[in-house]
$ cat my_file20.cif   # mmCIF, C-alpha atoms
data_query
loop_
_atom_site.label_atom_id
_atom_site.label_comp_id
_atom_site.auth_asym_id
_atom_site.auth_seq_id
_atom_site.Cartn_x
_atom_site.Cartn_y
_atom_site.Cartn_z
CA MET A 1 -13.74 1.97 -10.10
CA VAL A 2 -10.95 3.44 -8.01
CA SER A 3 -12.26 5.99 -5.49
CA SER A 4 -10.66 9.31 -4.54
CA PRO A 5 -9.93 8.17 -0.95
CA HIS A 6 -8.25 5.07 -2.36
CA GLU A 7 -5.97 7.23 -4.52
CA ALA A 8 -5.12 9.68 -1.75
CA MET A 9 -4.25 7.01 0.83
CA HIS A 10 -1.40 5.63 -1.27
CA ARG A 11 -0.48 8.57 -3.52
CA ILE A 12 0.53 10.64 -0.51
CA PHE A 13 3.54 8.33 -0.20
CA GLN A 14 4.46 9.10 -3.82
CA GLU A 15 4.21 12.83 -3.16
CA ASN A 16 6.06 12.54 0.18
CA PRO A 17 8.27 9.41 0.01
CA GLY A 18 9.98 10.21 3.31
CA LEU A 19 6.61 10.09 5.06
CA PHE A 20 6.87 6.35 5.68
CA SER A 21 9.73 6.68 8.15
CA ARG A 22 7.51 8.92 10.31
CA VAL A 23 4.49 6.67 9.87
CA SER A 24 6.60 3.67 10.91
CA GLU A 25 7.39 5.40 14.22
CA VAL A 26 3.68 5.93 14.82
CA LEU A 27 3.06 2.26 14.07
CA GLY A 28 5.73 1.04 16.48
CA ILE A 29 8.64 0.10 14.23
CA THR A 30 11.68 2.08 13.18
CA ILE A 31 12.53 2.55 9.52
CA PRO A 32 15.26 5.20 9.07
CA PRO A 33 14.50 8.17 6.80
CA PRO A 34 15.49 7.38 3.21
CA VAL A 35 18.44 9.15 1.65
CA SER A 36 16.99 8.43 -1.78
CA VAL A 37 13.68 7.16 -3.13
CA THR A 38 12.88 5.54 -6.45
CA VAL A 39 9.30 5.28 -7.66
CA MET A 40 8.99 1.73 -8.98
CA PRO A 41 6.62 0.29 -11.60
CA THR A 42 3.37 -0.80 -9.98
CA ASP A 43 2.54 -3.44 -12.58
CA LEU A 44 3.22 -6.87 -11.05
CA THR A 45 1.62 -8.76 -13.91
CA GLU A 46 3.13 -12.06 -15.00
CA ASN A 47 3.07 -13.37 -18.56
CA ARG A 48 -0.36 -14.77 -17.87
CA PRO A 49 -3.91 -13.44 -18.32
CA VAL A 50 -4.10 -12.47 -14.61
CA GLU A 51 -3.13 -8.85 -14.01
CA ARG A 52 -1.93 -7.76 -10.60
CA ARG A 53 -1.07 -4.20 -9.62
CA VAL A 54 0.01 -2.83 -6.29
CA ASP A 55 -1.30 0.67 -5.53
CA THR A 56 2.07 2.33 -4.89
CA LEU A 57 5.55 0.80 -4.93
CA LEU A 58 8.66 2.62 -3.70
CA ARG A 59 12.27 1.62 -3.22
CA LEU A 60 13.58 3.25 -0.05
CA ASP A 61 17.35 3.60 0.36
CA THR A 62 18.37 4.52 3.88
CA GLU A 63 21.76 5.70 5.09
CA ASN A 64 22.59 2.74 7.34
CA ASP A 65 20.13 -0.08 6.68
CA GLU A 66 19.72 -2.10 3.52
CA PRO A 67 17.26 -0.86 0.86
CA LEU A 68 13.68 -2.04 1.08
CA LEU A 69 10.66 -2.09 -1.18
CA LEU A 70 7.55 -0.42 0.23
CA ALA A 71 4.25 -1.57 -1.26
CA VAL A 72 1.34 0.67 -0.19
CA GLU A 73 -2.21 -0.60 -0.50
CA ALA A 74 -5.29 1.54 0.23
CA GLN A 75 -8.05 -0.73 1.55
CA GLY A 76 -11.62 0.52 1.85
CA ARG A 77 -13.31 -2.66 3.09
CA LYS A 78 -12.71 -6.25 4.11
CA ASP A 79 -11.89 -8.44 1.15
CA PRO A 80 -11.25 -12.15 1.75
CA ASP A 81 -9.32 -12.38 -1.54
CA LYS A 82 -6.84 -9.64 -0.66
CA PRO A 83 -4.44 -11.59 1.61
CA ALA A 84 -3.68 -13.96 -1.26
CA SER A 85 -2.99 -11.01 -3.56
CA TRP A 86 -0.81 -9.34 -0.94
CA ALA A 87 1.18 -12.52 -0.42
CA TYR A 88 1.68 -12.72 -4.18
CA TYR A 89 2.87 -9.10 -4.30
CA LEU A 90 5.49 -9.69 -1.61
CA SER A 91 6.70 -12.94 -3.15
CA TYR A 92 6.90 -11.37 -6.59
CA LEU A 93 8.82 -8.36 -5.32
CA TYR A 94 11.28 -10.48 -3.38
CA THR A 95 11.77 -12.84 -6.32
CA ASN A 96 12.32 -10.09 -8.87
CA TYR A 97 14.25 -7.50 -6.86
CA ARG A 98 15.93 -9.58 -4.15
CA LEU A 99 15.17 -6.82 -1.68
CA PRO A 100 13.10 -7.10 1.52
CA PRO A 101 9.52 -6.05 0.72
CA LEU A 102 7.22 -4.42 3.27
CA LEU A 103 3.46 -4.09 2.84
CA LEU A 104 1.71 -1.04 4.32
CA VAL A 105 -2.10 -1.10 4.27
CA VAL A 106 -3.89 2.24 4.83
CA CYS A 107 -7.53 2.16 6.00
CA GLN A 108 -10.22 4.65 6.98
CA ASP A 109 -12.33 2.50 9.30
CA ARG A 110 -11.37 0.54 12.38
CA ALA A 111 -13.02 -2.75 11.37
CA THR A 112 -11.12 -2.91 8.09
CA ALA A 113 -7.88 -1.92 9.81
CA GLU A 114 -8.27 -4.63 12.44
CA TRP A 115 -9.03 -7.20 9.76
CA ALA A 116 -6.02 -6.16 7.68
CA SER A 117 -3.75 -6.30 10.76
CA CYS A 118 -4.37 -10.00 11.39
CA PRO A 119 -1.40 -12.19 10.43
CA VAL A 120 -2.29 -14.71 7.72
CA PRO A 121 -0.39 -18.01 7.93
CA ILE A 122 0.22 -19.59 4.54
CA GLY A 123 0.79 -23.34 4.56
CA PRO A 124 -0.21 -26.27 6.75
CA ARG A 125 -1.53 -25.38 10.19
CA GLN A 126 1.25 -27.41 11.81
CA TRP A 127 4.01 -25.58 9.91
CA PRO A 128 3.09 -22.44 7.95
CA SER A 129 5.64 -21.84 5.22
CA LEU A 130 4.98 -18.11 5.19
CA THR A 131 3.08 -15.65 7.38
CA LEU A 132 1.67 -12.49 5.86
CA ARG A 133 2.05 -9.61 8.33
CA PRO A 134 0.95 -6.28 6.83
CA LEU A 135 1.77 -3.06 8.62
CA VAL A 136 -1.53 -1.17 8.95
CA ALA A 137 -2.20 2.54 9.35
CA GLY A 138 -5.75 3.56 10.20
CA PRO A 139 -7.99 5.36 12.66
CA HIS A 140 -7.05 2.87 15.37
CA ASN A 141 -3.40 3.96 15.50
CA MET A 142 -2.88 7.18 13.53
CA PRO A 143 -2.74 10.31 15.74
CA VAL A 144 -5.62 12.74 16.06
CA ILE A 145 -3.76 15.99 15.43
CA THR A 146 -5.58 19.10 16.68
CA SER A 147 -2.52 21.15 17.62
CA VAL A 148 -1.37 23.57 14.91
CA ALA A 149 2.18 23.49 16.25
CA GLU A 150 2.24 19.70 16.02
CA ALA A 151 0.66 19.78 12.55
CA ARG A 152 3.34 22.16 11.27
CA LYS A 153 6.08 19.76 12.34
CA ASP A 154 4.97 17.25 9.72
CA LEU A 155 2.30 18.39 7.26
CA ALA A 156 2.33 15.15 5.26
CA LEU A 157 1.77 13.01 8.35
CA THR A 158 -0.98 15.40 9.47
CA THR A 159 -2.64 15.06 6.06
CA LEU A 160 -2.51 11.27 6.14
CA ALA A 161 -3.83 11.28 9.72
CA ALA A 162 -6.74 13.50 8.64
CA ILE A 163 -7.55 11.16 5.74
CA THR A 164 -7.54 8.08 7.97
CA HIS A 165 -9.79 9.88 10.48
CA ALA A 166 -12.30 10.99 7.83
CA ALA A 167 -15.20 9.46 9.79
CA ASP A 168 -13.97 10.65 13.22
CA PRO A 169 -16.44 12.78 15.21
CA ASP A 170 -13.61 15.31 15.68
CA ILE A 171 -12.83 15.55 11.97
CA GLY A 172 -13.90 19.21 11.93
CA ALA A 173 -11.21 20.15 14.46
CA ILE A 174 -8.66 17.96 12.67
CA LEU A 175 -9.32 19.65 9.32
CA LYS A 176 -9.33 23.12 10.86
CA THR A 177 -5.92 22.39 12.37
CA LEU A 178 -4.52 21.19 9.04
CA CYS A 179 -5.95 24.17 7.18
CA THR A 180 -4.48 26.62 9.70
CA ALA A 181 -1.10 24.89 9.49
CA LEU A 182 -1.09 25.28 5.70
CA ARG A 183 -1.71 29.04 5.73
CA ASP A 184 1.93 30.14 5.63
CA VAL A 185 3.22 27.23 3.56
CA PRO A 186 4.47 27.75 -0.02
CA GLU A 187 1.92 26.65 -2.58
CA THR A 188 4.32 24.07 -4.01
CA ILE A 189 4.00 22.25 -0.68
CA ALA A 190 0.39 23.09 0.14
CA ASP A 191 -0.99 22.31 -3.32
CA PRO A 192 -0.72 18.50 -3.29
CA LEU A 193 -1.68 18.28 0.39
CA VAL A 194 -4.88 20.30 -0.13
CA GLU A 195 -5.80 18.19 -3.14
CA LEU A 196 -4.95 14.88 -1.46
CA THR A 197 -7.05 15.80 1.57
CA ALA A 198 -10.01 16.57 -0.68
CA GLN A 199 -9.54 13.26 -2.49
CA GLY A 200 -9.09 11.34 0.73
CA LEU A 201 -12.33 12.60 2.26
CA GLY A 202 -14.26 11.37 -0.77
CA ASN A 203 -18.01 11.96 -0.53
CA ARG A 204 -18.14 12.02 3.27
CA PRO A 205 -19.72 15.03 5.00
CA ALA A 206 -16.21 16.09 6.04
CA ALA A 207 -15.39 16.73 2.38
CA GLN A 208 -17.68 19.77 2.32
CA GLN A 209 -16.17 21.00 5.58
CA TRP A 210 -12.75 20.85 3.97
CA ARG A 211 -13.95 22.67 0.86
CA ASN A 212 -15.42 25.44 3.01
CA LEU A 213 -12.21 25.74 5.05
CA VAL A 214 -10.06 25.99 1.92
CA ALA A 215 -12.37 28.60 0.42
CA VAL A 216 -12.35 30.78 3.55
CA ASP A 217 -9.11 30.13 5.44
CA LEU A 218 -6.88 29.62 2.41
CA SER A 219 -8.26 32.50 0.39
CA PHE A 220 -4.81 32.96 -1.20
CA TYR A 221 -4.83 29.43 -2.50
CA LYS A 222 -5.07 29.25 -6.30
CA SER A 223 -5.41 25.56 -7.06
CA PHE A 224 -8.11 24.28 -9.39
CA MET A 225 -10.03 22.82 -6.46
CA ALA A 226 -9.91 26.05 -4.45
CA GLU A 227 -11.05 28.11 -7.41
CA GLU A 228 -13.87 25.65 -7.98
CA ILE A 229 -14.83 25.90 -4.32
CA ARG A 230 -14.89 29.69 -4.42
CA ASP A 231 -16.93 29.65 -7.64
CA GLU A 232 -19.40 27.33 -5.92
CA GLY A 233 -19.45 29.62 -2.92
CA ARG A 234 -20.18 32.66 -5.07
CA THR A 235 -22.94 30.76 -6.91
CA GLU A 236 -24.45 29.55 -3.63
CA GLY A 237 -24.32 33.08 -2.28
CA ARG A 238 -26.18 34.44 -5.30
CA THR A 239 -28.86 31.74 -5.21
CA GLU A 240 -29.37 32.25 -1.47
CA GLY A 241 -29.76 35.99 -2.07
CA ILE A 242 -32.42 35.46 -4.75
CA ALA A 243 -34.29 33.00 -2.53
CA GLN A 244 -34.33 35.47 0.35
CA SER A 245 -35.58 38.22 -2.01
CA ILE A 246 -38.52 36.03 -3.07
CA LEU A 247 -39.46 35.35 0.55
CA LEU A 248 -39.10 39.05 1.42
CA LEU A 249 -41.44 40.12 -1.41
CA LEU A 250 -44.04 37.58 -0.31
CA ALA A 251 -43.76 38.75 3.30
CA GLN A 252 -44.16 42.40 2.28
CA ALA A 253 -47.34 41.42 0.40
CA GLY A 254 -48.69 39.77 3.56
CA ILE A 255 -48.67 36.32 1.97
CA ASP A 256 -48.25 33.33 4.26
CA VAL A 257 -45.50 30.97 3.09
CA PRO A 258 -46.06 27.28 4.00
CA ASP A 259 -43.04 25.33 5.16
CA GLU A 260 -42.94 23.17 2.02
CA VAL A 261 -42.92 26.27 -0.22
CA ARG A 262 -40.23 27.94 1.88
CA GLU A 263 -38.09 24.79 1.73
CA ARG A 264 -38.49 24.49 -2.05
CA ILE A 265 -37.38 28.08 -2.50
CA THR A 266 -34.46 28.04 -0.06
CA THR A 267 -33.06 24.69 -1.24
CA CYS A 268 -33.30 25.43 -4.97
CA GLY A 269 -29.88 25.72 -6.61
CA ASP A 270 -31.21 26.56 -10.10
CA ARG A 271 -30.66 30.29 -10.66
CA ASP A 272 -32.88 30.37 -13.74
CA ALA A 273 -35.79 28.91 -11.79
CA LEU A 274 -35.20 31.29 -8.88
CA ASN A 275 -35.16 34.27 -11.25
CA ARG A 276 -38.50 33.18 -12.74
CA TRP A 277 -39.99 32.86 -9.26
CA LEU A 278 -38.60 36.27 -8.31
CA LEU A 279 -40.36 37.91 -11.28
CA ARG A 280 -43.67 36.31 -10.26
CA ALA A 281 -43.41 37.17 -6.56
CA PRO A 282 -44.67 40.81 -6.76
CA THR A 283 -47.96 39.74 -8.41
CA ALA A 284 -48.49 36.45 -6.57
CA GLY A 285 -51.82 35.98 -4.78
CA ALA A 286 -50.52 32.98 -2.86
CA ALA A 287 -47.08 31.62 -2.14
CA GLU A 288 -47.51 28.74 -4.60
CA ASP A 289 -48.15 31.19 -7.43
CA VAL A 290 -44.43 31.97 -7.72
CA PHE A 291 -43.91 28.49 -9.17
CA GLY A 292 -46.31 29.17 -12.02
CA GLY A 293 -47.38 25.54 -12.22
CA GLU A 294 -43.79 24.26 -12.61
#

$ encode --input "my_file20.cif" --output "structure tokens"
Amino acid sequence: MVSSPHEAMHRIFQENPGLFSRVSEVLGITIPPPVSVTVMPTDLTENRPVERRVDTLLRLDTENDEPLLLAVEAQGRKDPDKPASWAYYLSYLYTNYRLPPLLLVVCQDRATAEWASCPVPIGPRQWPSLTLRPLVAGPHNMPVITSVAEARKDLALTTLAAITHAADPDIGAILKTLCTALRDVPETIADPLVELTAQGLGNRPAAQQWRNLVAVDLSFYKSFMAEEIRDEGRTEGRTEGIAQSILLLLAQAGIDVPDEVRERITTCGDRDALNRWLLRAPTAGAAEDVFGGE
């Protein structure tokens, strides 16, 4: 099953095709900005039972250099079978389009990035016929952007950098910077970047940080995700209020509340259950009585 981070790490190049020229500078090579971009079919399947699909495939036409094909692969872990697939992709693309193909692998952890960066010789040890050399973007070489001014210079690059640094200890500052930079940006630009960031963070703890930032700092933002976040925030606020009311009633009655009871009340997200406990609180003889045997 394809994960949200997997989708975000390559889809950002579909949403922002010119991003690669800036990423290439970060990675130490120079690919001029494209003057036109064509989204290519990603199905590289031959007339055989084996199906092969690259994550994202773009044709980049630059003003001075020859066109190239950019294949973007999002890689979440080491996979010993991948180099063979990547070599096939590049050979297929060159054979079918007669254009120079370039493979960019985007990772979120250093170990996977270092593995993907290793050249893979294909052929006899004495004379490899081909050498697979992916270009890799990951936490080992993407910038940690915590300056709002720098983030505003290139919002797409900042978004990709945030996604690749999802597990970074400074991810909170990185996300806060991105969120602040998006405040005065038209929604047509901010919309896909907000959504891609949420996808890219997946189920990491940073994902909730991002949701909270969007709900508070981008209060104007009207995307589906932001509305969902604010609805969750309103629901959480109501449940927290009910939980505190239960504890207050028990305290006013002089009833001692054990830690396990307090935790059950304060961590409950079921409003119906909390409302039942609230109705029982005024007549409870002990803290456990609010649960009514549930």

$ resolve_selection --input "my_file20.cif" --expression "the PyMOL selection byres ((chain A and resi 257) around 6)" --output "PyMOL selection string"
chain A and resi 256+258+287

$ resolve_selection --input "my_file20.cif" --expression "the PyMOL selection byres ((chain A and resi 85) around 12)" --output "PyMOL selection string"
chain A and resi 44-45+50-55+73+79-84+86-92+103+120+132

$ closest_residue --input "my_file20.cif" --among "A:Asn275, A:Ser21, A:Gln244, A:Gln75" --to "Arg262 (chain A)" --atoms "all atoms listed in the file"
A:Gln244

$ atom_distance --input "my_file20.cif" --atom1 "CA of Arg264 (chain A)" --atom2 "CA of Gly202 (chain A)"
27.6 Å

$ residues_around --input "my_file20.cif" --residues "Leu157 (chain A)" --least-positions-apart "3" --cutoff "12 Å" --atoms "all atoms listed in the file" --output "VMD selection string"
chain A and resid 9 12 to 13 15 to 26 137 142 to 145 150 to 154 160 to 164 178 193 197

$ closest_residue --input "my_file20.cif" --among "A:Ile189, A:Cys268, A:Cys179, A:Val37" --to "Glu63 (chain A)" --atoms "only C-alpha atoms"
A:Val37

$ decode --input "my_file20.cif" --residues "region 138-272 of chain A" --atoms "C-alpha atoms" --output "mmCIF file, in the first residue's frame"
data_model
loop_
_atom_site.group_PDB
_atom_site.id
_atom_site.type_symbol
_atom_site.label_atom_id
_atom_site.label_comp_id
_atom_site.auth_asym_id
_atom_site.auth_seq_id
_atom_site.Cartn_x
_atom_site.Cartn_y
_atom_site.Cartn_z
ATOM 1 C CA GLY A 138 17.237 13.331 1.880
ATOM 2 C CA PRO A 139 17.942 14.542 5.399
ATOM 3 C CA HIS A 140 21.676 14.200 4.782
ATOM 4 C CA ASN A 141 21.790 16.938 2.141
ATOM 5 C CA MET A 142 18.508 18.886 2.076
ATOM 6 C CA PRO A 143 18.685 22.218 3.951
ATOM 7 C CA VAL A 144 17.172 22.734 7.388
ATOM 8 C CA ILE A 145 15.207 25.913 6.728
ATOM 9 C CA THR A 146 14.279 27.850 9.876
ATOM 10 C CA SER A 147 14.448 31.353 8.403
ATOM 11 C CA VAL A 148 11.092 32.707 7.225
ATOM 12 C CA ALA A 149 12.810 34.991 4.731
ATOM 13 C CA GLU A 150 14.666 32.035 3.230
ATOM 14 C CA ALA A 151 11.502 29.917 3.209
ATOM 15 C CA ARG A 152 9.588 32.588 1.294
ATOM 16 C CA LYS A 153 12.206 32.583 -1.455
ATOM 17 C CA ASP A 154 11.207 29.059 -2.458
ATOM 18 C CA LEU A 155 8.131 27.595 -0.773
ATOM 19 C CA ALA A 156 8.212 24.346 -2.749
ATOM 20 C CA LEU A 157 11.836 23.656 -1.819
ATOM 21 C CA THR A 158 11.035 24.515 1.805
ATOM 22 C CA THR A 159 8.129 22.056 1.725
ATOM 23 C CA LEU A 160 10.252 19.257 0.295
ATOM 24 C CA ALA A 161 12.993 20.019 2.832
ATOM 25 C CA ALA A 162 10.439 19.800 5.658
ATOM 26 C CA ILE A 163 9.166 16.452 4.360
ATOM 27 C CA THR A 164 12.673 14.985 4.129
ATOM 28 C CA HIS A 165 13.425 16.206 7.673
ATOM 29 C CA ALA A 166 10.225 14.721 9.137
ATOM 30 C CA ALA A 167 12.202 12.859 11.814
ATOM 31 C CA ASP A 168 14.600 15.746 12.567
ATOM 32 C CA PRO A 169 14.708 16.909 16.210
ATOM 33 C CA ASP A 170 14.197 20.467 14.908
ATOM 34 C CA ILE A 171 11.113 19.581 12.860
ATOM 35 C CA GLY A 172 8.943 21.812 15.061
ATOM 36 C CA ALA A 173 10.966 24.903 14.137
ATOM 37 C CA ILE A 174 11.077 23.820 10.482
ATOM 38 C CA LEU A 175 7.287 23.446 10.313
ATOM 39 C CA LYS A 176 6.692 26.702 12.178
ATOM 40 C CA THR A 177 8.889 28.486 9.633
ATOM 41 C CA LEU A 178 6.996 26.963 6.698
ATOM 42 C CA CYS A 179 3.629 27.771 8.246
ATOM 43 C CA THR A 180 4.635 31.385 8.871
ATOM 44 C CA ALA A 181 5.937 31.709 5.313
ATOM 45 C CA LEU A 182 2.589 30.509 3.944
ATOM 46 C CA ARG A 183 0.488 33.078 5.824
ATOM 47 C CA ASP A 184 0.411 35.728 3.108
ATOM 48 C CA VAL A 185 0.462 33.348 0.148
ATOM 49 C CA PRO A 186 -2.580 32.966 -2.137
ATOM 50 C CA GLU A 187 -4.518 29.806 -1.402
ATOM 51 C CA THR A 188 -3.925 28.495 -4.920
ATOM 52 C CA ILE A 189 -0.247 28.264 -3.980
ATOM 53 C CA ALA A 190 -0.602 27.392 -0.301
ATOM 54 C CA ASP A 191 -3.270 24.718 -0.788
ATOM 55 C CA PRO A 192 -1.151 21.959 -2.374
ATOM 56 C CA LEU A 193 1.856 22.761 -0.173
ATOM 57 C CA VAL A 194 -0.167 22.465 3.042
ATOM 58 C CA GLU A 195 -1.680 19.191 1.875
ATOM 59 C CA LEU A 196 1.629 17.762 0.627
ATOM 60 C CA THR A 197 3.305 18.595 3.942
ATOM 61 C CA ALA A 198 0.557 16.780 5.822
ATOM 62 C CA GLN A 199 0.909 13.780 3.527
ATOM 63 C CA GLY A 200 4.679 13.814 3.731
ATOM 64 C CA LEU A 201 4.749 13.732 7.530
ATOM 65 C CA GLY A 202 2.585 10.608 7.511
ATOM 66 C CA ASN A 203 1.870 9.243 10.987
ATOM 67 C CA ARG A 204 4.953 10.726 12.632
ATOM 68 C CA PRO A 205 4.514 12.905 15.730
ATOM 69 C CA ALA A 206 5.376 15.917 13.555
ATOM 70 C CA ALA A 207 2.130 15.372 11.638
ATOM 71 C CA GLN A 208 0.082 16.498 14.641
ATOM 72 C CA GLN A 209 2.365 19.499 15.102
ATOM 73 C CA TRP A 210 1.659 20.490 11.519
ATOM 74 C CA ARG A 211 -2.086 20.040 11.956
ATOM 75 C CA ASN A 212 -2.032 22.260 15.037
ATOM 76 C CA LEU A 213 0.009 24.931 13.241
ATOM 77 C CA VAL A 214 -2.368 24.976 10.280
ATOM 78 C CA ALA A 215 -5.386 25.198 12.570
ATOM 79 C CA VAL A 216 -3.956 28.110 14.570
ATOM 80 C CA ASP A 217 -1.529 30.017 12.359
ATOM 81 C CA LEU A 218 -3.395 29.563 9.082
ATOM 82 C CA SER A 219 -6.838 30.261 10.481
ATOM 83 C CA PHE A 220 -7.847 31.744 7.104
ATOM 84 C CA TYR A 221 -7.030 28.517 5.340
ATOM 85 C CA LYS A 222 -10.116 26.757 3.963
ATOM 86 C CA SER A 223 -8.817 23.465 2.629
ATOM 87 C CA PHE A 224 -10.496 20.189 3.523
ATOM 88 C CA MET A 225 -7.596 19.252 5.792
ATOM 89 C CA ALA A 226 -7.649 22.576 7.639
ATOM 90 C CA GLU A 227 -11.393 22.391 8.170
ATOM 91 C CA GLU A 228 -10.992 18.850 9.445
ATOM 92 C CA ILE A 229 -8.250 20.005 11.799
ATOM 93 C CA ARG A 230 -10.380 22.824 13.163
ATOM 94 C CA ASP A 231 -13.353 20.480 13.597
ATOM 95 C CA GLU A 232 -11.081 18.126 15.530
ATOM 96 C CA GLY A 233 -9.833 21.041 17.595
ATOM 97 C CA ARG A 234 -13.364 22.137 18.438
ATOM 98 C CA THR A 235 -14.313 18.549 19.366
ATOM 99 C CA GLU A 236 -11.193 18.156 21.504
ATOM 100 C CA GLY A 237 -11.948 21.450 23.203
ATOM 101 C CA ARG A 238 -15.480 20.342 24.061
ATOM 102 C CA THR A 239 -14.383 16.950 25.396
ATOM 103 C CA GLU A 240 -11.650 18.563 27.490
ATOM 104 C CA GLY A 241 -14.214 20.980 28.925
ATOM 105 C CA ILE A 242 -16.577 18.155 29.917
ATOM 106 C CA ALA A 243 -13.714 16.203 31.490
ATOM 107 C CA GLN A 244 -12.669 19.216 33.555
ATOM 108 C CA SER A 245 -16.297 19.734 34.665
ATOM 109 C CA ILE A 246 -16.470 16.147 35.937
ATOM 110 C CA LEU A 247 -13.268 16.580 37.931
ATOM 111 C CA LEU A 248 -14.468 19.932 39.300
ATOM 112 C CA LEU A 249 -17.763 18.432 40.536
ATOM 113 C CA LEU A 250 -15.912 15.604 42.253
ATOM 114 C CA ALA A 251 -13.505 18.070 43.867
ATOM 115 C CA GLN A 252 -16.376 20.249 45.107
ATOM 116 C CA ALA A 253 -17.915 17.131 46.701
ATOM 117 C CA GLY A 254 -14.630 16.437 48.505
ATOM 118 C CA ILE A 255 -14.092 13.181 46.618
ATOM 119 C CA ASP A 256 -10.523 12.027 46.107
ATOM 120 C CA VAL A 257 -9.774 11.161 42.466
ATOM 121 C CA PRO A 258 -7.133 8.425 41.984
ATOM 122 C CA ASP A 259 -4.641 8.932 39.187
ATOM 123 C CA GLU A 260 -6.060 6.094 37.089
ATOM 124 C CA VAL A 261 -9.577 7.573 37.292
ATOM 125 C CA ARG A 262 -8.301 11.059 36.450
ATOM 126 C CA GLU A 263 -6.392 9.682 33.451
ATOM 127 C CA ARG A 264 -9.417 7.755 32.180
ATOM 128 C CA ILE A 265 -11.545 10.887 32.356
ATOM 129 C CA THR A 266 -9.039 13.312 30.838
ATOM 130 C CA THR A 267 -7.991 11.000 27.985
ATOM 131 C CA CYS A 268 -11.509 9.969 26.975
ATOM 132 C CA GLY A 269 -12.474 11.277 23.532
ATOM 133 C CA ASP A 270 -16.024 9.861 23.576
ATOM 134 C CA ARG A 271 -18.407 12.769 24.227
ATOM 135 C CA ASP A 272 -21.359 10.474 24.908
#
